[in-house]
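Have a look at upload.cif below; it lists mmCIF, N, CA and C atoms.
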```cif
data_run
loop_
_atom_site.label_atom_id
_atom_site.label_comp_id
_atom_site.auth_asym_id
_atom_site.auth_seq_id
_atom_site.Cartn_x
_atom_site.Cartn_y
_atom_site.Cartn_z
N MET T 1 -5.61 18.55 -26.79
CA MET T 1 -4.58 19.58 -26.82
C MET T 1 -4.27 20.09 -25.41
N SER T 2 -5.31 20.22 -24.57
CA SER T 2 -5.06 20.74 -23.22
C SER T 2 -4.23 19.75 -22.40
N ALA T 3 -4.39 18.44 -22.62
CA ALA T 3 -3.61 17.44 -21.89
C ALA T 3 -2.13 17.58 -22.21
N ILE T 4 -1.82 17.87 -23.44
CA ILE T 4 -0.42 18.07 -23.84
C ILE T 4 0.14 19.30 -23.15
N CYS T 5 -0.64 20.36 -23.10
CA CYS T 5 -0.19 21.59 -22.44
C CYS T 5 0.07 21.35 -20.95
N VAL T 6 -0.81 20.61 -20.31
CA VAL T 6 -0.63 20.31 -18.88
C VAL T 6 0.65 19.52 -18.68
N LYS T 7 0.90 18.51 -19.52
CA LYS T 7 2.12 17.73 -19.40
C LYS T 7 3.35 18.59 -19.60
N LEU T 8 3.32 19.47 -20.58
CA LEU T 8 4.47 20.34 -20.84
C LEU T 8 4.73 21.30 -19.69
N MET T 9 3.67 21.73 -19.03
CA MET T 9 3.83 22.67 -17.92
C MET T 9 4.26 21.96 -16.63
N THR T 10 3.81 20.73 -16.41
CA THR T 10 4.11 20.05 -15.15
C THR T 10 5.37 19.20 -15.19
N TYR T 11 5.74 18.67 -16.35
CA TYR T 11 6.87 17.75 -16.43
C TYR T 11 8.16 18.31 -15.85
N PRO T 12 8.53 19.56 -16.16
CA PRO T 12 9.79 20.08 -15.60
C PRO T 12 9.81 20.13 -14.07
N TRP T 13 8.65 20.18 -13.43
CA TRP T 13 8.59 20.30 -11.97
C TRP T 13 8.41 18.96 -11.27
N MET T 14 8.07 17.92 -12.03
CA MET T 14 7.81 16.62 -11.42
C MET T 14 9.00 16.06 -10.66
N TRP T 15 10.21 16.32 -11.13
CA TRP T 15 11.39 15.76 -10.47
C TRP T 15 11.54 16.26 -9.04
N LEU T 16 10.92 17.38 -8.72
CA LEU T 16 10.99 17.89 -7.34
C LEU T 16 10.16 17.06 -6.37
N PHE T 17 9.08 16.44 -6.85
CA PHE T 17 8.12 15.79 -5.97
C PHE T 17 8.02 14.28 -6.13
N MET T 18 8.52 13.73 -7.19
CA MET T 18 8.33 12.31 -7.45
C MET T 18 9.66 11.57 -7.41
N LYS T 19 9.58 10.28 -7.08
CA LYS T 19 10.76 9.43 -7.08
C LYS T 19 10.85 8.70 -8.41
N ASN T 20 12.08 8.43 -8.82
CA ASN T 20 12.24 7.60 -10.01
C ASN T 20 12.08 6.14 -9.58
N PRO T 21 12.00 5.19 -10.51
CA PRO T 21 11.76 3.80 -10.13
C PRO T 21 12.81 3.24 -9.16
N THR T 22 14.06 3.60 -9.33
CA THR T 22 15.11 3.11 -8.43
C THR T 22 14.89 3.63 -7.02
N GLU T 23 14.60 4.90 -6.87
CA GLU T 23 14.33 5.46 -5.55
C GLU T 23 13.07 4.86 -4.93
N GLY T 24 12.06 4.67 -5.75
CA GLY T 24 10.81 4.13 -5.25
C GLY T 24 10.94 2.69 -4.77
N ALA T 25 11.87 1.94 -5.32
CA ALA T 25 12.04 0.53 -4.95
C ALA T 25 12.90 0.34 -3.70
N GLN T 26 13.59 1.37 -3.25
CA GLN T 26 14.53 1.21 -2.15
C GLN T 26 13.90 0.67 -0.87
N CYS T 27 12.74 1.13 -0.52
CA CYS T 27 12.09 0.68 0.71
C CYS T 27 11.73 -0.80 0.61
N ALA T 28 11.16 -1.23 -0.50
CA ALA T 28 10.80 -2.63 -0.67
C ALA T 28 12.04 -3.52 -0.65
N ILE T 29 13.11 -3.06 -1.26
CA ILE T 29 14.36 -3.82 -1.27
C ILE T 29 14.91 -3.94 0.14
N ARG T 30 14.91 -2.85 0.89
CA ARG T 30 15.41 -2.89 2.27
C ARG T 30 14.56 -3.83 3.12
N LEU T 31 13.25 -3.75 3.00
CA LEU T 31 12.37 -4.61 3.79
C LEU T 31 12.58 -6.08 3.47
N ALA T 32 12.90 -6.39 2.23
CA ALA T 32 13.08 -7.78 1.82
C ALA T 32 14.46 -8.33 2.16
N THR T 33 15.44 -7.45 2.36
CA THR T 33 16.81 -7.94 2.51
C THR T 33 17.47 -7.62 3.85
N ASP T 34 16.98 -6.69 4.61
CA ASP T 34 17.62 -6.29 5.86
C ASP T 34 17.36 -7.32 6.96
N PRO T 35 18.41 -8.00 7.46
CA PRO T 35 18.21 -9.01 8.49
C PRO T 35 17.63 -8.45 9.79
N GLN T 36 17.86 -7.18 10.07
CA GLN T 36 17.33 -6.56 11.29
C GLN T 36 15.80 -6.45 11.24
N LEU T 37 15.23 -6.49 10.07
CA LEU T 37 13.78 -6.34 9.91
C LEU T 37 13.09 -7.69 9.71
N LYS T 38 13.82 -8.77 9.93
CA LYS T 38 13.28 -10.11 9.67
C LYS T 38 12.00 -10.38 10.46
N HIS T 39 11.94 -9.93 11.70
CA HIS T 39 10.79 -10.22 12.55
C HIS T 39 9.85 -9.02 12.70
N VAL T 40 10.07 -7.98 11.94
CA VAL T 40 9.17 -6.82 11.98
C VAL T 40 7.98 -7.12 11.10
N THR T 41 6.79 -6.98 11.65
CA THR T 41 5.58 -7.27 10.89
C THR T 41 4.47 -6.31 11.32
N GLY T 42 3.57 -6.01 10.41
CA GLY T 42 2.42 -5.18 10.73
C GLY T 42 2.73 -3.70 10.86
N GLU T 43 3.89 -3.28 10.42
CA GLU T 43 4.26 -1.87 10.53
C GLU T 43 4.07 -1.17 9.18
N TYR T 44 3.92 0.13 9.25
CA TYR T 44 3.82 0.97 8.05
C TYR T 44 5.18 1.63 7.86
N PHE T 45 5.71 1.60 6.66
CA PHE T 45 7.01 2.19 6.38
C PHE T 45 6.86 3.34 5.41
N ASN T 46 7.60 4.40 5.66
CA ASN T 46 7.64 5.56 4.76
C ASN T 46 9.10 5.95 4.62
N ASP T 47 9.59 5.99 3.41
CA ASP T 47 11.00 6.29 3.14
C ASP T 47 11.93 5.40 3.96
N CYS T 48 11.64 4.12 3.97
CA CYS T 48 12.45 3.08 4.60
C CYS T 48 12.49 3.14 6.13
N GLU T 49 11.63 3.90 6.74
CA GLU T 49 11.58 4.00 8.20
C GLU T 49 10.16 3.70 8.67
N ILE T 50 10.05 3.12 9.88
CA ILE T 50 8.73 2.88 10.45
C ILE T 50 8.07 4.23 10.71
N ALA T 51 6.82 4.34 10.29
CA ALA T 51 6.07 5.59 10.45
C ALA T 51 4.70 5.28 11.04
N ALA T 52 4.10 6.29 11.60
CA ALA T 52 2.75 6.13 12.16
C ALA T 52 1.75 5.99 11.02
N SER T 53 0.82 5.08 11.19
CA SER T 53 -0.23 4.88 10.20
C SER T 53 -1.29 5.97 10.37
N SER T 54 -1.99 6.26 9.30
CA SER T 54 -3.07 7.24 9.37
C SER T 54 -4.25 6.64 10.13
N GLU T 55 -5.18 7.47 10.54
CA GLU T 55 -6.37 6.99 11.25
C GLU T 55 -7.18 5.99 10.42
N PRO T 56 -7.42 6.26 9.13
CA PRO T 56 -8.14 5.26 8.33
C PRO T 56 -7.37 3.93 8.23
N GLY T 57 -6.06 3.99 8.31
CA GLY T 57 -5.25 2.79 8.27
C GLY T 57 -5.40 1.93 9.51
N LYS T 58 -5.90 2.50 10.59
CA LYS T 58 -6.09 1.77 11.85
C LYS T 58 -7.54 1.31 12.04
N ASP T 59 -8.41 1.70 11.14
CA ASP T 59 -9.85 1.42 11.26
C ASP T 59 -10.14 -0.02 10.82
N MET T 60 -10.39 -0.91 11.79
CA MET T 60 -10.60 -2.32 11.47
C MET T 60 -11.93 -2.57 10.76
N GLU T 61 -12.94 -1.77 11.02
CA GLU T 61 -14.21 -1.92 10.30
C GLU T 61 -14.00 -1.60 8.81
N LEU T 62 -13.24 -0.57 8.55
CA LEU T 62 -12.91 -0.22 7.18
C LEU T 62 -12.08 -1.32 6.53
N ALA T 63 -11.16 -1.91 7.28
CA ALA T 63 -10.34 -3.02 6.77
C ALA T 63 -11.21 -4.21 6.40
N LYS T 64 -12.19 -4.52 7.24
CA LYS T 64 -13.09 -5.64 6.96
C LYS T 64 -13.90 -5.38 5.69
N LYS T 65 -14.38 -4.14 5.55
CA LYS T 65 -15.16 -3.78 4.37
C LYS T 65 -14.31 -3.91 3.11
N LEU T 66 -13.09 -3.41 3.16
CA LEU T 66 -12.18 -3.52 2.03
C LEU T 66 -11.88 -4.97 1.70
N TYR T 67 -11.68 -5.79 2.73
CA TYR T 67 -11.41 -7.21 2.53
C TYR T 67 -12.58 -7.88 1.81
N MET T 68 -13.78 -7.62 2.27
CA MET T 68 -14.96 -8.24 1.67
C MET T 68 -15.14 -7.79 0.22
N GLN T 69 -14.93 -6.52 -0.05
CA GLN T 69 -15.05 -6.03 -1.43
C GLN T 69 -13.98 -6.64 -2.32
N THR T 70 -12.79 -6.80 -1.79
CA THR T 70 -11.70 -7.41 -2.55
C THR T 70 -12.04 -8.85 -2.89
N MET T 71 -12.57 -9.58 -1.93
CA MET T 71 -12.95 -10.98 -2.17
C MET T 71 -14.04 -11.08 -3.24
N GLN T 72 -15.00 -10.15 -3.22
CA GLN T 72 -16.06 -10.15 -4.23
C GLN T 72 -15.48 -9.92 -5.63
N VAL T 73 -14.56 -8.98 -5.74
CA VAL T 73 -13.95 -8.69 -7.04
C VAL T 73 -13.13 -9.89 -7.51
N LEU T 74 -12.38 -10.51 -6.60
CA LEU T 74 -11.57 -11.67 -6.98
C LEU T 74 -12.44 -12.82 -7.47
N GLU T 75 -13.58 -13.01 -6.83
CA GLU T 75 -14.48 -14.07 -7.28
C GLU T 75 -15.00 -13.80 -8.69
N LYS T 76 -15.30 -12.55 -8.98
CA LYS T 76 -15.79 -12.21 -10.32
C LYS T 76 -14.70 -12.38 -11.36
N ILE T 77 -13.50 -11.95 -11.04
CA ILE T 77 -12.41 -11.97 -12.02
C ILE T 77 -11.87 -13.38 -12.23
N THR T 78 -11.67 -14.11 -11.14
CA THR T 78 -11.02 -15.42 -11.24
C THR T 78 -12.01 -16.56 -11.42
N LYS T 79 -13.28 -16.30 -11.18
CA LYS T 79 -14.32 -17.32 -11.25
C LYS T 79 -14.09 -18.43 -10.22
N LEU T 80 -13.31 -18.14 -9.19
CA LEU T 80 -13.06 -19.09 -8.12
C LEU T 80 -13.82 -18.66 -6.87
N GLN T 81 -14.14 -19.63 -6.05
CA GLN T 81 -14.76 -19.31 -4.77
C GLN T 81 -13.64 -19.02 -3.78
N VAL T 82 -13.64 -17.83 -3.25
CA VAL T 82 -12.61 -17.41 -2.31
C VAL T 82 -13.21 -17.44 -0.92
N SER T 83 -12.47 -17.99 0.03
CA SER T 83 -12.94 -18.01 1.41
C SER T 83 -13.11 -16.59 1.90
N LYS T 84 -14.28 -16.29 2.42
CA LYS T 84 -14.56 -14.93 2.87
C LYS T 84 -14.43 -14.79 4.38
N GLU T 85 -13.76 -15.73 4.99
CA GLU T 85 -13.63 -15.65 6.43
C GLU T 85 -12.75 -14.47 6.80
N LEU T 86 -13.13 -13.84 7.86
CA LEU T 86 -12.41 -12.65 8.30
C LEU T 86 -11.40 -12.98 9.39
N ASP T 87 -11.05 -14.24 9.55
CA ASP T 87 -10.11 -14.61 10.60
C ASP T 87 -8.79 -13.85 10.47
N ALA T 88 -8.29 -13.74 9.24
CA ALA T 88 -7.01 -13.06 9.05
C ALA T 88 -7.11 -11.59 9.40
N VAL T 89 -8.17 -10.94 9.00
CA VAL T 89 -8.36 -9.52 9.30
C VAL T 89 -8.53 -9.32 10.80
N GLU T 90 -9.31 -10.18 11.44
CA GLU T 90 -9.54 -10.05 12.88
C GLU T 90 -8.27 -10.37 13.67
N ALA T 91 -7.46 -11.30 13.19
CA ALA T 91 -6.20 -11.62 13.87
C ALA T 91 -5.26 -10.42 13.81
N ASP T 92 -5.24 -9.73 12.67
CA ASP T 92 -4.42 -8.54 12.56
C ASP T 92 -4.91 -7.45 13.50
N ALA T 93 -6.19 -7.38 13.72
CA ALA T 93 -6.77 -6.37 14.62
C ALA T 93 -6.26 -6.58 16.04
N GLU T 94 -6.08 -7.83 16.42
CA GLU T 94 -5.59 -8.12 17.76
C GLU T 94 -4.16 -7.66 17.94
N LEU T 95 -3.38 -7.59 16.86
CA LEU T 95 -2.00 -7.13 16.95
C LEU T 95 -1.92 -5.63 17.22
N LEU T 96 -2.94 -4.90 16.82
CA LEU T 96 -2.93 -3.45 17.04
C LEU T 96 -3.24 -3.21 18.48
#
```
Same coordinates, now as structure tokens:
Amino acid sequence: MSAICVKLMTYPWMWLFMKNPTEGAQCAIRLATDPQLKHVTGEYFNDCEIAASSEPGKDMELAKKLYMQTMQVLEKITKLQVSKELDAVEADAELL
């Protein structure tokens, strides 16, 4: 019952803070179709504009840890052996 009450109280205000699916897709559509962004890579975008990444987003040790955990989960789910080499993660680190 309390979950219903929370939904009834918050739903009228959600439109102020959340995007609908069409609005939410605009950045991905622009990134996929804008010829000016063809060679842009490794950037963080917010509301269709390049934005500064957060400090955790720049932490390469954290990225490596996330990569390794992701590979472990993929191996469990897919039953496939996934290459755990960090070459891709380390190559991205050099771009920063």
*Run through the PyMOL selection byres ((chain T and resi 48) around 7) on the given coordinates and return the selected residues as a PyMOL selection string.*
chain T and resi 26-28+45-47+49-50
Could you write out the selected residues, including N, CA and C atoms, as a PDB file, in the coordinates of the input?
```pdb
ATOM      1  N   GLN T  26      13.590   1.370  -3.250  1.00  0.00           N
ATOM      2  CA  GLN T  26      14.530   1.210  -2.150  1.00  0.00           C
ATOM      3  C   GLN T  26      13.900   0.670  -0.870  1.00  0.00           C
ATOM      4  N   CYS T  27      12.740   1.130  -0.520  1.00  0.00           N
ATOM      5  CA  CYS T  27      12.090   0.680   0.710  1.00  0.00           C
ATOM      6  C   CYS T  27      11.730  -0.800   0.610  1.00  0.00           C
ATOM      7  N   ALA T  28      11.160  -1.230  -0.500  1.00  0.00           N
ATOM      8  CA  ALA T  28      10.800  -2.630  -0.670  1.00  0.00           C
ATOM      9  C   ALA T  28      12.040  -3.520  -0.650  1.00  0.00           C
ATOM     10  N   PHE T  45       5.710   1.600   6.660  1.00  0.00           N
ATOM     11  CA  PHE T  45       7.010   2.190   6.380  1.00  0.00           C
ATOM     12  C   PHE T  45       6.860   3.340   5.410  1.00  0.00           C
ATOM     13  N   ASN T  46       7.600   4.400   5.660  1.00  0.00           N
ATOM     14  CA  ASN T  46       7.640   5.560   4.760  1.00  0.00           C
ATOM     15  C   ASN T  46       9.100   5.950   4.620  1.00  0.00           C
ATOM     16  N   ASP T  47       9.590   5.990   3.410  1.00  0.00           N
ATOM     17  CA  ASP T  47      11.000   6.290   3.140  1.00  0.00           C
ATOM     18  C   ASP T  47      11.930   5.400   3.960  1.00  0.00           C
ATOM     19  N   GLU T  49      11.630   3.900   6.740  1.00  0.00           N
ATOM     20  CA  GLU T  49      11.580   4.000   8.200  1.00  0.00           C
ATOM     21  C   GLU T  49      10.160   3.700   8.670  1.00  0.00           C
ATOM     22  N   ILE T  50      10.050   3.120   9.880  1.00  0.00           N
ATOM     23  CA  ILE T  50       8.730   2.880  10.450  1.00  0.00           C
ATOM     24  C   ILE T  50       8.070   4.230  10.710  1.00  0.00           C
TER      25      ILE T  50
END
```
*Quick one: pick out all helix (DSSP H, G or I) residues within chain T from a backbone DSSP run and write them as a ChimeraX atom specification.*
/T:2-17,21-33,35-37,55-58,60-78,87-95
*Do you have the CA of Asn20 in chain T-CA of Pro56 in chain T distance handy?*
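CA of Pro56 in chain T lies 27.5 Å from CA of Asn20 in chain T.
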*Interatomic distance, atom N of Lys7 in chain T to atom C of Pro21 in chain T (Å, one decimal)*: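 These two atoms are separated by 22.0 Å.
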*Using atom N of Ser54 in chain T and atom N of Tyr67 in chain T as the two end points, give the distance in Å to one decimal.*
16.8 Å
Using the incomplete input, complete range 32-56 of chain T to the level of N, CA, C and O atoms; output as a PDB file, in the frame of the given file.
```
ATOM      1  N   ALA T  32      12.900  -6.390   2.230  1.00  0.00           N
ATOM      2  CA  ALA T  32      13.080  -7.780   1.820  1.00  0.00           C
ATOM      3  C   ALA T  32      14.460  -8.330   2.160  1.00  0.00           C
ATOM      4  O   ALA T  32      14.631  -9.536   2.285  1.00  0.00           O
ATOM      5  N   THR T  33      15.440  -7.450   2.360  1.00  0.00           N
ATOM      6  CA  THR T  33      16.810  -7.940   2.510  1.00  0.00           C
ATOM      7  C   THR T  33      17.470  -7.620   3.850  1.00  0.00           C
ATOM      8  O   THR T  33      18.473  -8.246   4.178  1.00  0.00           O
ATOM      9  N   ASP T  34      16.980  -6.690   4.610  1.00  0.00           N
ATOM     10  CA  ASP T  34      17.620  -6.290   5.860  1.00  0.00           C
ATOM     11  C   ASP T  34      17.360  -7.320   6.960  1.00  0.00           C
ATOM     12  O   ASP T  34      16.216  -7.499   7.382  1.00  0.00           O
ATOM     13  N   PRO T  35      18.410  -8.000   7.460  1.00  0.00           N
ATOM     14  CA  PRO T  35      18.210  -9.010   8.490  1.00  0.00           C
ATOM     15  C   PRO T  35      17.630  -8.450   9.790  1.00  0.00           C
ATOM     16  O   PRO T  35      16.943  -9.147  10.528  1.00  0.00           O
ATOM     17  N   GLN T  36      17.860  -7.180  10.070  1.00  0.00           N
ATOM     18  CA  GLN T  36      17.330  -6.560  11.290  1.00  0.00           C
ATOM     19  C   GLN T  36      15.800  -6.450  11.240  1.00  0.00           C
ATOM     20  O   GLN T  36      15.168  -6.305  12.279  1.00  0.00           O
ATOM     21  N   LEU T  37      15.230  -6.490  10.070  1.00  0.00           N
ATOM     22  CA  LEU T  37      13.780  -6.340   9.910  1.00  0.00           C
ATOM     23  C   LEU T  37      13.090  -7.690   9.710  1.00  0.00           C
ATOM     24  O   LEU T  37      11.899  -7.729   9.411  1.00  0.00           O
ATOM     25  N   LYS T  38      13.820  -8.770   9.930  1.00  0.00           N
ATOM     26  CA  LYS T  38      13.280 -10.110   9.670  1.00  0.00           C
ATOM     27  C   LYS T  38      12.000 -10.380  10.460  1.00  0.00           C
ATOM     28  O   LYS T  38      11.067 -10.983   9.957  1.00  0.00           O
ATOM     29  N   HIS T  39      11.940  -9.930  11.700  1.00  0.00           N
ATOM     30  CA  HIS T  39      10.790 -10.220  12.550  1.00  0.00           C
ATOM     31  C   HIS T  39       9.850  -9.020  12.700  1.00  0.00           C
ATOM     32  O   HIS T  39       8.937  -9.076  13.522  1.00  0.00           O
ATOM     33  N   VAL T  40      10.070  -7.980  11.940  1.00  0.00           N
ATOM     34  CA  VAL T  40       9.170  -6.820  11.980  1.00  0.00           C
ATOM     35  C   VAL T  40       7.980  -7.120  11.100  1.00  0.00           C
ATOM     36  O   VAL T  40       8.125  -7.480   9.930  1.00  0.00           O
ATOM     37  N   THR T  41       6.790  -6.980  11.650  1.00  0.00           N
ATOM     38  CA  THR T  41       5.580  -7.270  10.890  1.00  0.00           C
ATOM     39  C   THR T  41       4.470  -6.310  11.320  1.00  0.00           C
ATOM     40  O   THR T  41       4.471  -5.810  12.445  1.00  0.00           O
ATOM     41  N   GLY T  42       3.570  -6.010  10.410  1.00  0.00           N
ATOM     42  CA  GLY T  42       2.420  -5.180  10.730  1.00  0.00           C
ATOM     43  C   GLY T  42       2.730  -3.700  10.860  1.00  0.00           C
ATOM     44  O   GLY T  42       1.908  -2.946  11.360  1.00  0.00           O
ATOM     45  N   GLU T  43       3.890  -3.280  10.420  1.00  0.00           N
ATOM     46  CA  GLU T  43       4.260  -1.870  10.530  1.00  0.00           C
ATOM     47  C   GLU T  43       4.070  -1.170   9.180  1.00  0.00           C
ATOM     48  O   GLU T  43       4.100  -1.794   8.129  1.00  0.00           O
ATOM     49  N   TYR T  44       3.920   0.130   9.250  1.00  0.00           N
ATOM     50  CA  TYR T  44       3.820   0.970   8.050  1.00  0.00           C
ATOM     51  C   TYR T  44       5.180   1.630   7.860  1.00  0.00           C
ATOM     52  O   TYR T  44       5.769   2.143   8.835  1.00  0.00           O
ATOM     53  N   PHE T  45       5.710   1.600   6.660  1.00  0.00           N
ATOM     54  CA  PHE T  45       7.010   2.190   6.380  1.00  0.00           C
ATOM     55  C   PHE T  45       6.860   3.340   5.410  1.00  0.00           C
ATOM     56  O   PHE T  45       6.100   3.258   4.440  1.00  0.00           O
ATOM     57  N   ASN T  46       7.600   4.400   5.660  1.00  0.00           N
ATOM     58  CA  ASN T  46       7.640   5.560   4.760  1.00  0.00           C
ATOM     59  C   ASN T  46       9.100   5.950   4.620  1.00  0.00           C
ATOM     60  O   ASN T  46       9.780   6.186   5.626  1.00  0.00           O
ATOM     61  N   ASP T  47       9.590   5.990   3.410  1.00  0.00           N
ATOM     62  CA  ASP T  47      11.000   6.290   3.140  1.00  0.00           C
ATOM     63  C   ASP T  47      11.930   5.400   3.960  1.00  0.00           C
ATOM     64  O   ASP T  47      12.883   5.865   4.594  1.00  0.00           O
ATOM     65  N   CYS T  48      11.640   4.120   3.970  1.00  0.00           N
ATOM     66  CA  CYS T  48      12.450   3.080   4.600  1.00  0.00           C
ATOM     67  C   CYS T  48      12.490   3.140   6.130  1.00  0.00           C
ATOM     68  O   CYS T  48      13.320   2.499   6.756  1.00  0.00           O
ATOM     69  N   GLU T  49      11.630   3.900   6.740  1.00  0.00           N
ATOM     70  CA  GLU T  49      11.580   4.000   8.200  1.00  0.00           C
ATOM     71  C   GLU T  49      10.160   3.700   8.670  1.00  0.00           C
ATOM     72  O   GLU T  49       9.189   4.017   7.990  1.00  0.00           O
ATOM     73  N   ILE T  50      10.050   3.120   9.880  1.00  0.00           N
ATOM     74  CA  ILE T  50       8.730   2.880  10.450  1.00  0.00           C
ATOM     75  C   ILE T  50       8.070   4.230  10.710  1.00  0.00           C
ATOM     76  O   ILE T  50       8.687   5.151  11.247  1.00  0.00           O
ATOM     77  N   ALA T  51       6.820   4.340  10.290  1.00  0.00           N
ATOM     78  CA  ALA T  51       6.070   5.590  10.450  1.00  0.00           C
ATOM     79  C   ALA T  51       4.700   5.280  11.040  1.00  0.00           C
ATOM     80  O   ALA T  51       4.215   4.153  10.958  1.00  0.00           O
ATOM     81  N   ALA T  52       4.100   6.290  11.600  1.00  0.00           N
ATOM     82  CA  ALA T  52       2.750   6.130  12.160  1.00  0.00           C
ATOM     83  C   ALA T  52       1.750   5.990  11.020  1.00  0.00           C
ATOM     84  O   ALA T  52       1.833   6.687  10.009  1.00  0.00           O
ATOM     85  N   SER T  53       0.820   5.080  11.190  1.00  0.00           N
ATOM     86  CA  SER T  53      -0.230   4.880  10.200  1.00  0.00           C
ATOM     87  C   SER T  53      -1.290   5.970  10.370  1.00  0.00           C
ATOM     88  O   SER T  53      -1.475   6.497  11.461  1.00  0.00           O
ATOM     89  N   SER T  54      -1.990   6.260   9.300  1.00  0.00           N
ATOM     90  CA  SER T  54      -3.070   7.240   9.370  1.00  0.00           C
ATOM     91  C   SER T  54      -4.250   6.640  10.130  1.00  0.00           C
ATOM     92  O   SER T  54      -4.324   5.430  10.335  1.00  0.00           O
ATOM     93  N   GLU T  55      -5.180   7.470  10.540  1.00  0.00           N
ATOM     94  CA  GLU T  55      -6.370   6.990  11.250  1.00  0.00           C
ATOM     95  C   GLU T  55      -7.180   5.990  10.420  1.00  0.00           C
ATOM     96  O   GLU T  55      -7.582   4.955  10.925  1.00  0.00           O
ATOM     97  N   PRO T  56      -7.420   6.260   9.130  1.00  0.00           N
ATOM     98  CA  PRO T  56      -8.140   5.260   8.330  1.00  0.00           C
ATOM     99  C   PRO T  56      -7.370   3.930   8.230  1.00  0.00           C
ATOM    100  O   PRO T  56      -7.968   2.875   8.136  1.00  0.00           O
TER     101      PRO T  56
END
```
